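Data file: structure-v5.tsv. Format and content: TSV, C-alpha atoms.
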```tsv
chain	number	residue	atom	x	y	z
N	24	MET	CA	82.99	148.27	156.02
N	25	TYR	CA	85.08	145.10	155.99
N	26	ASP	CA	86.93	143.30	158.79
N	27	SER	CA	90.24	145.03	158.30
N	28	ALA	CA	91.83	144.33	161.68
N	29	GLY	CA	95.01	142.72	160.48
N	30	SER	CA	93.92	142.57	156.84
N	31	SER	CA	96.64	143.34	154.35
N	32	PRO	CA	95.96	145.85	151.58
N	33	THR	CA	95.68	142.90	149.18
N	34	GLU	CA	93.03	141.29	151.39
N	35	VAL	CA	91.13	144.57	151.66
N	36	VAL	CA	90.98	144.95	147.87
N	37	ILE	CA	90.18	141.25	147.26
N	38	SER	CA	87.34	141.38	149.79
N	39	TRP	CA	85.84	144.42	148.06
N	40	ILE	CA	86.27	144.89	144.30
N	41	PRO	CA	85.27	141.41	143.02
N	42	TYR	CA	81.98	141.68	144.91
N	43	ASP	CA	81.03	145.30	144.23
N	44	ALA	CA	78.75	145.19	141.20
N	45	ARG	CA	79.18	148.94	140.58
N	46	PHE	CA	82.88	148.56	139.79
N	47	ARG	CA	83.42	144.85	139.06
N	48	GLU	CA	82.73	144.95	135.31
N	49	ARG	CA	85.28	147.69	134.64
N	50	ALA	CA	87.77	146.11	137.03
N	51	VAL	CA	87.46	142.78	135.18
N	52	ARG	CA	87.97	144.56	131.86
N	53	HIS	CA	91.17	146.17	133.14
N	54	ALA	CA	92.30	142.83	134.61
N	55	LEU	CA	91.77	141.02	131.32
N	56	ASP	CA	93.64	143.71	129.37
N	57	ASP	CA	96.82	143.44	131.45
N	58	THR	CA	98.21	140.24	133.00
N	59	ASN	CA	100.59	142.03	135.38
N	60	GLY	CA	97.81	144.07	137.02
N	61	GLN	CA	99.08	147.59	136.29
N	62	LEU	CA	95.88	148.68	134.52
N	63	LEU	CA	93.84	147.23	137.38
N	64	TYR	CA	96.03	149.08	139.90
N	65	ALA	CA	95.53	152.37	138.02
N	66	TYR	CA	91.76	151.81	137.88
N	67	VAL	CA	91.44	151.03	141.61
N	68	ASP	CA	93.83	153.84	142.55
N	69	ASN	CA	91.63	156.27	140.62
N	70	LEU	CA	88.55	154.95	142.43
N	71	VAL	CA	90.03	155.02	145.91
N	72	ASN	CA	92.33	158.05	145.80
N	73	ARG	CA	90.86	160.26	143.08
N	74	ASP	CA	87.13	159.50	143.47
N	75	ASN	CA	86.57	158.76	139.81
N	76	ASP	CA	85.45	155.71	137.86
N	77	ASP	CA	87.31	155.73	134.55
N	78	GLY	CA	87.00	159.50	134.38
N	79	ARG	CA	83.46	159.73	135.77
N	80	PRO	CA	82.97	161.30	139.20
N	81	LEU	CA	81.64	158.94	141.86
N	82	ASP	CA	78.15	159.45	143.21
N	83	GLU	CA	77.52	159.92	146.93
N	84	TYR	CA	77.26	156.18	147.58
N	85	GLY	CA	80.51	155.57	145.70
N	86	LEU	CA	82.23	158.28	147.70
N	87	ARG	CA	81.10	156.65	150.95
N	88	THR	CA	82.36	153.29	149.71
N	89	MET	CA	85.79	154.74	148.86
N	90	ALA	CA	85.98	156.42	152.27
N	91	ALA	CA	85.32	153.02	153.87
N	92	VAL	CA	87.96	151.35	151.69
N	93	ARG	CA	90.50	154.04	152.61
N	94	GLU	CA	89.65	153.49	156.27
N	95	ASP	CA	90.12	149.73	155.85
N	96	LEU	CA	93.49	150.33	154.23
N	97	SER	CA	94.51	152.26	157.38
N	98	GLN	CA	96.87	154.65	155.56
N	99	ARG	CA	98.54	151.74	153.72
N	100	SER	CA	99.28	152.21	150.06
N	101	LEU	CA	97.58	150.48	147.18
N	102	ALA	CA	101.07	150.11	145.73
N	103	SER	CA	101.65	147.32	148.26
N	104	VAL	CA	98.70	145.28	146.94
N	105	ASP	CA	99.54	142.07	145.09
N	106	TRP	CA	97.68	143.02	141.92
N	107	ARG	CA	98.22	139.61	140.33
N	108	GLN	CA	96.26	138.04	143.21
N	109	VAL	CA	93.46	140.57	142.77
N	110	ARG	CA	93.52	140.02	139.01
N	111	ASP	CA	93.31	136.24	139.47
N	112	LYS	CA	90.31	136.64	141.79
N	113	LEU	CA	88.52	138.87	139.27
N	114	VAL	CA	89.33	136.68	136.27
N	115	ALA	CA	88.37	133.50	138.15
N	116	GLY	CA	84.86	134.91	138.46
N	117	VAL	CA	84.73	135.28	134.68
N	118	HIS	CA	86.55	132.16	133.54
N	119	GLY	CA	86.13	129.74	136.44
N	120	PRO	CA	88.93	128.74	138.84
N	121	VAL	CA	92.45	129.94	138.10
N	122	SER	CA	95.19	127.31	138.49
```
As structure tokens - that is how I would like this structure written.
Amino acid sequence: MYDSAGSSPTEVVISWIPYDARFRERAVRHALDDTNGQLLYAYVDNLVNRDNDDGRPLDEYGLRTMAAVREDLSQRSLASVDWRQVRDKLVAGVHGPVS
């Protein structure tokens, strides 16, 4: 799905979630609610590892997307993602550049 050869888990998530309109709005909401990124981590972990979007099951297209994200992560954990970087990327899209 994405060029993951050598991409870190942080790069995989940053190259996906800010640009995926199906999940971006909720991801931004979680990012804005928590400056350290823990709510965002929980949201993305539920998407990727539990196939649900804030308690709603993913449709077939969403399931294929999560399978591709898991493949891009190459067995690496979302716990190793720098969630503050991901949060900054999401919030920058809402509020302009983050310093």
Compile the contact shell of stretch 91-101 of chain N as a ChimeraX atom specification: residues with an atom at most 10 Å away, counting only C-alpha atoms, same-chain residues fewer than 4 positions apart removed. /N:24-36,39-40,64-65,67-68,70-72,85-87,105-106
Would you mind exporting the chosen residues as a PDB file, keeping the file's coordinate frame, restricted to C-alpha atoms?
```
ATOM      1  CA  MET N  24      82.990 148.270 156.020  1.00  0.00           C
ATOM      2  CA  TYR N  25      85.080 145.100 155.990  1.00  0.00           C
ATOM      3  CA  ASP N  26      86.930 143.300 158.790  1.00  0.00           C
ATOM      4  CA  SER N  27      90.240 145.030 158.300  1.00  0.00           C
ATOM      5  CA  ALA N  28      91.830 144.330 161.680  1.00  0.00           C
ATOM      6  CA  GLY N  29      95.010 142.720 160.480  1.00  0.00           C
ATOM      7  CA  SER N  30      93.920 142.570 156.840  1.00  0.00           C
ATOM      8  CA  SER N  31      96.640 143.340 154.350  1.00  0.00           C
ATOM      9  CA  PRO N  32      95.960 145.850 151.580  1.00  0.00           C
ATOM     10  CA  THR N  33      95.680 142.900 149.180  1.00  0.00           C
ATOM     11  CA  GLU N  34      93.030 141.290 151.390  1.00  0.00           C
ATOM     12  CA  VAL N  35      91.130 144.570 151.660  1.00  0.00           C
ATOM     13  CA  VAL N  36      90.980 144.950 147.870  1.00  0.00           C
ATOM     14  CA  TRP N  39      85.840 144.420 148.060  1.00  0.00           C
ATOM     15  CA  ILE N  40      86.270 144.890 144.300  1.00  0.00           C
ATOM     16  CA  TYR N  64      96.030 149.080 139.900  1.00  0.00           C
ATOM     17  CA  ALA N  65      95.530 152.370 138.020  1.00  0.00           C
ATOM     18  CA  VAL N  67      91.440 151.030 141.610  1.00  0.00           C
ATOM     19  CA  ASP N  68      93.830 153.840 142.550  1.00  0.00           C
ATOM     20  CA  LEU N  70      88.550 154.950 142.430  1.00  0.00           C
ATOM     21  CA  VAL N  71      90.030 155.020 145.910  1.00  0.00           C
ATOM     22  CA  ASN N  72      92.330 158.050 145.800  1.00  0.00           C
ATOM     23  CA  GLY N  85      80.510 155.570 145.700  1.00  0.00           C
ATOM     24  CA  LEU N  86      82.230 158.280 147.700  1.00  0.00           C
ATOM     25  CA  ARG N  87      81.100 156.650 150.950  1.00  0.00           C
ATOM     26  CA  ASP N 105      99.540 142.070 145.090  1.00  0.00           C
ATOM     27  CA  TRP N 106      97.680 143.020 141.920  1.00  0.00           C
TER      28      TRP N 106
END
```
Work out how far atom CA of N:Val51 is from atom CA of N:Ser103, in Å to one decimal.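 Interatomic distance here is 19.8 Å.
Take atom CA of N:Ser38 and atom CA of N:Asp76: the distance between them is 18.7 Å.
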Test item: residues at most 12 Å from N:Asn59, all atoms listed in the file, excluding those fewer than 3 positions along its chain, as a count of residues only: 15
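The space separating atom CA of N:Ala44 from atom CA of N:Leu113 comes to 11.8 Å.
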